[in-house]
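Q: Contents of upload.cif (mmCIF, C-alpha atoms) are below:
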```cif
data_structure
#
loop_
_atom_site.label_atom_id
_atom_site.label_comp_id
_atom_site.auth_asym_id
_atom_site.auth_seq_id
_atom_site.Cartn_x
_atom_site.Cartn_y
_atom_site.Cartn_z
CA MET N 1 -114.86 0.28 6.65
CA ALA N 2 -111.06 0.77 6.71
CA THR N 3 -108.96 -1.67 4.75
CA ALA N 4 -105.86 -3.16 6.35
CA PHE N 5 -102.53 -2.11 4.85
CA ARG N 6 -101.68 -5.68 3.93
CA ASP N 7 -104.85 -5.84 1.91
CA TRP N 8 -103.84 -2.91 -0.25
CA PRO N 9 -102.88 -3.66 -3.83
CA TRP N 10 -99.16 -4.08 -4.18
CA PRO N 11 -98.73 -0.97 -6.40
CA LEU N 12 -100.22 1.16 -3.63
CA GLN N 13 -97.99 -0.48 -1.06
CA ALA N 14 -94.92 0.19 -3.20
CA LEU N 15 -95.96 3.80 -3.69
CA PHE N 16 -96.49 4.17 0.06
CA TYR N 17 -93.03 2.79 0.83
CA LEU N 18 -91.46 5.07 -1.77
CA ALA N 19 -93.21 8.12 -0.30
CA LEU N 20 -92.16 7.11 3.19
CA THR N 21 -88.55 6.76 2.06
CA VAL N 22 -88.62 10.21 0.52
CA VAL N 23 -90.05 11.71 3.70
CA ILE N 24 -87.41 10.02 5.84
CA ILE N 25 -84.56 11.18 3.59
CA ALA N 26 -85.93 14.73 3.47
CA ALA N 27 -86.29 14.78 7.21
CA GLY N 28 -82.74 13.58 7.55
CA PHE N 29 -81.48 16.45 5.39
CA TYR N 30 -83.52 19.29 6.79
CA VAL N 31 -84.48 18.42 10.39
CA PRO N 32 -81.81 19.98 12.69
CA GLY N 33 -79.89 17.56 14.85
CA LEU N 34 -80.16 14.55 12.56
CA PRO N 35 -76.90 13.10 11.15
CA LEU N 36 -77.84 13.75 7.51
CA ALA N 37 -78.61 17.39 8.26
CA SER N 38 -75.22 17.77 9.92
CA VAL N 39 -73.46 16.19 6.96
CA ARG N 40 -75.38 18.45 4.58
CA ALA N 41 -74.31 21.54 6.53
CA GLN N 42 -70.67 20.40 6.47
CA LEU N 43 -70.94 19.83 2.73
CA GLN N 44 -72.26 23.34 2.17
CA ASP N 45 -69.46 24.83 4.29
CA ALA N 46 -66.90 22.82 2.32
CA GLN N 47 -68.37 24.08 -0.96
CA LYS N 48 -68.16 27.66 0.28
CA GLN N 49 -64.49 27.18 1.21
CA GLU N 50 -63.74 25.45 -2.09
CA LYS N 51 -64.38 28.52 -4.26
CA PRO N 52 -61.71 30.80 -2.71
CA LEU N 53 -59.28 27.88 -2.66
CA GLU N 54 -59.86 27.28 -6.35
CA GLN N 55 -59.15 30.97 -6.98
CA GLU N 56 -55.92 30.78 -4.97
CA VAL N 57 -54.86 27.68 -6.90
CA ALA N 58 -55.47 29.50 -10.19
CA ASN N 59 -53.36 32.43 -8.98
CA LEU N 60 -50.58 30.08 -7.90
CA ARG N 61 -50.55 28.47 -11.34
CA VAL N 62 -49.87 31.90 -12.81
CA TYR N 63 -47.01 32.44 -10.35
CA LYS N 64 -45.62 29.01 -11.22
CA GLN N 65 -45.44 30.00 -14.86
CA ARG N 66 -43.91 33.35 -13.93
CA LYS N 67 -41.33 31.57 -11.78
CA ALA N 68 -39.98 29.71 -14.82
CA GLU N 69 -39.82 32.96 -16.80
CA LEU N 70 -38.10 34.81 -13.94
CA GLN N 71 -35.61 31.97 -13.49
CA SER N 72 -34.73 32.15 -17.17
CA GLN N 73 -34.28 35.92 -16.91
CA MET N 74 -32.09 35.53 -13.82
CA ASP N 75 -29.88 33.00 -15.61
CA ALA N 76 -29.48 35.39 -18.54
CA LEU N 77 -28.65 38.29 -16.19
CA GLU N 78 -26.08 36.17 -14.35
CA LYS N 79 -24.37 35.40 -17.66
CA GLN N 80 -24.38 39.10 -18.53
CA LEU N 81 -22.94 39.93 -15.12
CA ALA N 82 -20.14 37.38 -15.58
CA THR N 83 -19.36 38.90 -18.99
CA LEU N 84 -19.37 42.44 -17.57
CA GLN N 85 -17.08 41.39 -14.72
CA THR N 86 -14.63 40.13 -17.34
CA ILE N 87 -14.85 43.33 -19.37
CA VAL N 88 -14.78 45.63 -16.33
CA PRO N 89 -13.42 43.65 -13.34
CA GLU N 90 -13.80 44.73 -9.75
CA GLU N 91 -10.07 44.80 -9.09
CA LYS N 92 -7.34 46.57 -11.06
CA GLN N 93 -5.60 43.35 -12.14
CA ILE N 94 -2.63 45.42 -13.33
CA ASP N 95 -0.30 42.47 -13.92
CA GLN N 96 -2.88 40.64 -16.04
CA PHE N 97 -3.68 43.80 -17.98
CA MET N 98 -0.03 44.55 -18.75
CA LEU N 99 0.46 40.97 -19.96
CA MET N 100 -2.53 41.39 -22.29
CA ILE N 101 -1.03 44.59 -23.73
CA GLN N 102 2.40 43.00 -24.12
CA SER N 103 0.91 39.95 -25.82
CA ALA N 104 -0.99 42.15 -28.29
CA ALA N 105 2.19 44.10 -29.06
CA THR N 106 4.28 40.97 -29.55
CA SER N 107 1.67 39.42 -31.85
CA SER N 108 1.63 42.61 -33.94
CA GLY N 109 5.41 43.01 -34.14
CA VAL N 110 5.39 46.20 -32.07
CA SER N 111 7.98 46.94 -29.39
CA LEU N 112 6.74 48.42 -26.11
CA ARG N 113 9.43 50.64 -24.68
CA ARG N 114 7.63 51.96 -21.62
CA MET N 115 4.38 51.58 -19.68
CA LYS N 116 3.87 54.07 -16.89
CA ALA N 117 0.84 53.90 -14.61
CA LEU N 118 -0.83 57.29 -14.25
CA PRO N 119 -3.05 58.39 -11.33
CA VAL N 120 -6.39 56.63 -11.06
CA ALA N 121 -9.40 58.76 -12.00
CA THR N 122 -12.46 58.26 -9.80
CA LYS N 123 -15.85 58.21 -11.50
CA PRO N 124 -19.33 57.79 -9.93
CA TYR N 125 -19.59 54.07 -10.63
CA TYR N 126 -16.13 53.01 -11.79
CA PHE N 127 -12.45 53.93 -11.87
CA GLU N 128 -10.22 54.78 -14.81
CA LEU N 129 -6.71 53.34 -14.81
CA PRO N 130 -4.57 55.07 -17.47
CA PHE N 131 -1.09 54.06 -18.67
CA GLU N 132 1.33 56.18 -20.66
CA VAL N 133 2.80 53.90 -23.32
CA GLU N 134 5.76 54.39 -25.63
CA ALA N 135 6.05 52.01 -28.57
CA ASP N 136 7.57 51.72 -32.03
CA GLY N 137 7.42 49.44 -35.02
CA PRO N 138 6.34 49.25 -38.66
CA TYR N 139 3.39 51.50 -39.47
CA PHE N 140 0.96 48.70 -40.35
CA SER N 141 2.10 46.70 -37.33
CA VAL N 142 1.18 49.63 -35.11
CA LEU N 143 -2.25 49.76 -36.75
CA ASP N 144 -2.66 46.02 -36.14
CA PHE N 145 -1.64 46.56 -32.51
CA PHE N 146 -4.41 49.11 -32.01
CA SER N 147 -6.87 46.75 -33.72
CA ARG N 148 -5.89 43.94 -31.34
CA LEU N 149 -6.41 46.23 -28.35
CA GLY N 150 -10.01 46.68 -29.45
CA ARG N 151 -10.55 42.92 -29.41
CA LEU N 152 -9.23 42.28 -25.91
CA SER N 153 -11.61 41.02 -23.22
CA ARG N 154 -11.30 44.23 -21.19
CA ILE N 155 -12.59 47.62 -22.27
CA ILE N 156 -9.65 49.74 -23.45
CA ASN N 157 -9.53 53.31 -24.71
CA VAL N 158 -6.55 54.75 -26.59
CA GLY N 159 -6.03 58.50 -26.51
CA ASP N 160 -3.48 61.31 -26.66
CA LEU N 161 -1.87 59.57 -29.63
CA LYS N 162 1.34 61.18 -30.88
CA LEU N 163 3.08 59.26 -33.68
CA THR N 164 6.20 60.41 -35.49
CA GLY N 165 8.08 58.88 -38.38
CA LEU N 166 11.57 57.44 -38.08
CA GLY N 167 14.02 58.65 -40.70
CA GLY N 168 16.62 56.30 -39.36
CA LYS N 169 17.64 55.68 -35.76
CA PRO N 170 17.29 58.88 -33.68
CA ALA N 171 20.51 60.14 -32.22
CA ASN N 172 19.08 60.33 -28.70
CA SER N 173 17.43 56.88 -28.82
CA THR N 174 18.42 54.50 -26.02
CA PHE N 175 16.68 51.53 -27.68
CA ARG N 176 17.76 49.27 -30.45
CA MET N 177 15.15 49.64 -33.18
CA ASN N 178 13.83 46.50 -34.83
CA PRO N 179 14.28 46.13 -38.60
CA GLY N 180 11.39 47.71 -40.49
CA ALA N 181 10.39 50.09 -37.69
CA SER N 182 9.07 53.25 -39.27
CA VAL N 183 7.05 55.02 -36.58
CA THR N 184 7.32 55.67 -32.89
CA GLY N 185 4.84 57.24 -30.58
CA ILE N 186 3.54 57.96 -27.11
CA PHE N 187 -0.11 57.42 -26.27
CA THR N 188 -2.40 56.72 -23.33
CA ILE N 189 -4.12 53.39 -22.81
CA THR N 190 -7.00 53.51 -20.31
CA THR N 191 -8.76 50.55 -18.78
CA PHE N 192 -11.50 50.41 -16.15
CA PHE N 193 -12.43 48.62 -12.95
CA THR N 194 -15.24 48.89 -10.41
CA LYS N 195 -14.81 49.51 -6.74
CA ALA N 196 -15.57 46.62 -4.39
CA ALA N 197 -18.72 46.81 -2.28
CA ASP N 198 -18.38 49.32 0.57
CA GLN N 199 -14.64 49.63 -0.07
CA PRO N 200 -12.89 52.54 -1.76
CA ALA N 201 -10.34 51.79 -4.43
CA ALA N 202 -6.78 51.60 -3.23
CA PRO N 203 -4.54 54.42 -4.55
CA THR N 204 -1.91 53.53 -7.12
CA PRO N 205 1.40 53.06 -5.29
CA THR N 206 4.18 55.43 -6.27
CA PRO N 207 7.28 53.52 -7.47
CA THR N 208 10.36 54.11 -5.37
CA ALA N 209 13.97 53.59 -6.32
CA ALA N 210 15.66 50.52 -4.91
CA PRO N 211 18.61 51.16 -2.57
CA VAL N 212 22.05 50.80 -4.16
CA ARG N 213 24.50 48.58 -2.36
CA ARG N 214 28.04 49.77 -2.18
#
```
Would you mind writing the file's structure down as C-alpha cells?

A:
Amino acid sequence: MATAFRDWPWPLQALFYLALTVVIIAAGFYVPGLPLASVRAQLQDAQKQEKPLEQEVANLRVYKQRKAELQSQMDALEKQLATLQTIVPEEKQIDQFMLMIQSAATSSGVSLRRMKALPVATKPYYFELPFEVEADGPYFSVLDFFSRLGRLSRIINVGDLKLTGLGGKPANSTFRMNPGASVTGIFTITTFFTKAADQPAAPTPTPTAAPVRR
C-alpha cells in the first residue's frame, strides 16, 4: 500500500525537495526557451567576446607604454631640431652673422678692414655663404679671433688663409694700424643656411654704387 507524501520521514521529504530543486534549476539552464537557458546562452556569448577584448586591452597597454617613450623621443628630437636651426638657420641672416663676426673681432682686439660677400654655393641640402675678410692685429689676438669663431653658435669654416707680417706700416696701406698689430691677412669665412621648404634660396644681391649728387 502506497504511503502518502506527508507521511514520509522528514529526511526523505527534504531529500525529495532538494532533488526537485536541482531538476528545476537544471531544466531552467538547459531547456530551450526558458529564461535561465537564455541567460546562460548570453553569458556564454559574453565570455566568448571577453577573450578577444582582453587581448586588445593587453595590446593597448603596450601601445600606451610606447606612447610615453615616443613622446620622450619626440621632445628630444624637437630640442635637437631647435639647436640645429640655431647652428644652421633656414635664412641667411647676414646682418646677424656679420655682427657676430665683428663682436668676435672686437673682443679679440682684431680690426676687420673688409667683409665682402661672395657668391652663394648651392649644395644638395644646404647653401654655403662665403665672405672674403681682411683683418689685422697682434699675432696672438688673431689666433684668439679664430678660436672665438669656433665657439660661435653658427657653424663657421675658415679657409684660404693668407697671413703676412707687418714690418711697420705698409706704404700702400689706407688704414691706420692699431698699436701692437703685427700681422695682416685675407681669408674666407664660410657659414651655412638651409633653403626654406619648396622655395629656392634667393641669390646674393650685387652691391651697386650710390648716385653722386652734384

Q: Between N:Ile155, N:Val183, N:Ala117, N:Met74, single out the one closest to Val142 of chain N, counting all atoms listed in the file.

A: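 Smallest distance to Val142 of chain N is found for N:Val183.
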
Q: Run the PyMOL selection byres ((chain N and resi 100) around 12) mentally over the shown coordinates, then write out the matched residues as a PyMOL selection string, using the chain letters and numbers from the document.

A: chain N and resi 93-99+101-107+145+148-156+191

Q: Okay, now the selection with C-alpha atoms, as a compact mmCIF listing (two decimals), keeping the file's coordinate frame?

A:
```txt
# COMPACT_ATOMS: atom_id res chain seq x y z
CA GLN N 93 -5.60 43.35 -12.14
CA ILE N 94 -2.63 45.42 -13.33
CA ASP N 95 -0.30 42.47 -13.92
CA GLN N 96 -2.88 40.64 -16.04
CA PHE N 97 -3.68 43.80 -17.98
CA MET N 98 -0.03 44.55 -18.75
CA LEU N 99 0.46 40.97 -19.96
CA ILE N 101 -1.03 44.59 -23.73
CA GLN N 102 2.40 43.00 -24.12
CA SER N 103 0.91 39.95 -25.82
CA ALA N 104 -0.99 42.15 -28.29
CA ALA N 105 2.19 44.10 -29.06
CA THR N 106 4.28 40.97 -29.55
CA SER N 107 1.67 39.42 -31.85
CA PHE N 145 -1.64 46.56 -32.51
CA ARG N 148 -5.89 43.94 -31.34
CA LEU N 149 -6.41 46.23 -28.35
CA GLY N 150 -10.01 46.68 -29.45
CA ARG N 151 -10.55 42.92 -29.41
CA LEU N 152 -9.23 42.28 -25.91
CA SER N 153 -11.61 41.02 -23.22
CA ARG N 154 -11.30 44.23 -21.19
CA ILE N 155 -12.59 47.62 -22.27
CA ILE N 156 -9.65 49.74 -23.45
CA THR N 191 -8.76 50.55 -18.78
```

Q: So which residues touch segment 186-189 of chain N within 6 Å, counting all atoms listed in the file, skipping near sequence neighbours fewer than 3 positions away, as a PyMOL selection string?

A: chain N and resi 130-134+157-162

Q: Can you work out the spacing between atom CA of Ala135 of chain N and atom CA of Leu118 of chain N in Å, to one decimal?

A: 16.7 Å

Q: Pick the closest to Met177 of chain N from N:Ala121, N:Thr164, N:Phe146, N:Val110: which is it, counting only C-alpha atoms?

A: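 Ranked by minimum distance to Met177 of chain N, first place goes to N:Val110.
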
Q: What does the structure give for the distance between atom CA of Leu143 of chain N and atom CA of Leu166 of chain N, in Å to one decimal?

A: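 Value for the atom CA of Leu143 of chain N-atom CA of Leu166 of chain N distance: 15.9 Å.
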
Q: Enter the distance from atom CA of Thr190 of chain N to atom CA of Leu129 of chain N, in Å, rounded to one decimal.

A: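 So the two atoms, atom CA of Thr190 of chain N and atom CA of Leu129 of chain N, lie 5.5 Å apart.
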
Q: Please expand the PyMOL selection byres ((chain N and resi 123) around 12) into the concrete residues it hits in this file, giving the result as number ranges by chain.

A: N: 120-122, 124-129, 192-195, 200-201

Q: Grab the residues selected above and save them as a PDB file, keeping the file's coordinate frame with C-alpha atoms.

A:
```
ATOM      1  CA  VAL N 120      -6.390  56.630 -11.060  1.00  0.00           C
ATOM      2  CA  ALA N 121      -9.400  58.760 -12.000  1.00  0.00           C
ATOM      3  CA  THR N 122     -12.460  58.260  -9.800  1.00  0.00           C
ATOM      4  CA  PRO N 124     -19.330  57.790  -9.930  1.00  0.00           C
ATOM      5  CA  TYR N 125     -19.590  54.070 -10.630  1.00  0.00           C
ATOM      6  CA  TYR N 126     -16.130  53.010 -11.790  1.00  0.00           C
ATOM      7  CA  PHE N 127     -12.450  53.930 -11.870  1.00  0.00           C
ATOM      8  CA  GLU N 128     -10.220  54.780 -14.810  1.00  0.00           C
ATOM      9  CA  LEU N 129      -6.710  53.340 -14.810  1.00  0.00           C
ATOM     10  CA  PHE N 192     -11.500  50.410 -16.150  1.00  0.00           C
ATOM     11  CA  PHE N 193     -12.430  48.620 -12.950  1.00  0.00           C
ATOM     12  CA  THR N 194     -15.240  48.890 -10.410  1.00  0.00           C
ATOM     13  CA  LYS N 195     -14.810  49.510  -6.740  1.00  0.00           C
ATOM     14  CA  PRO N 200     -12.890  52.540  -1.760  1.00  0.00           C
ATOM     15  CA  ALA N 201     -10.340  51.790  -4.430  1.00  0.00           C
TER      16      ALA N 201
END
```
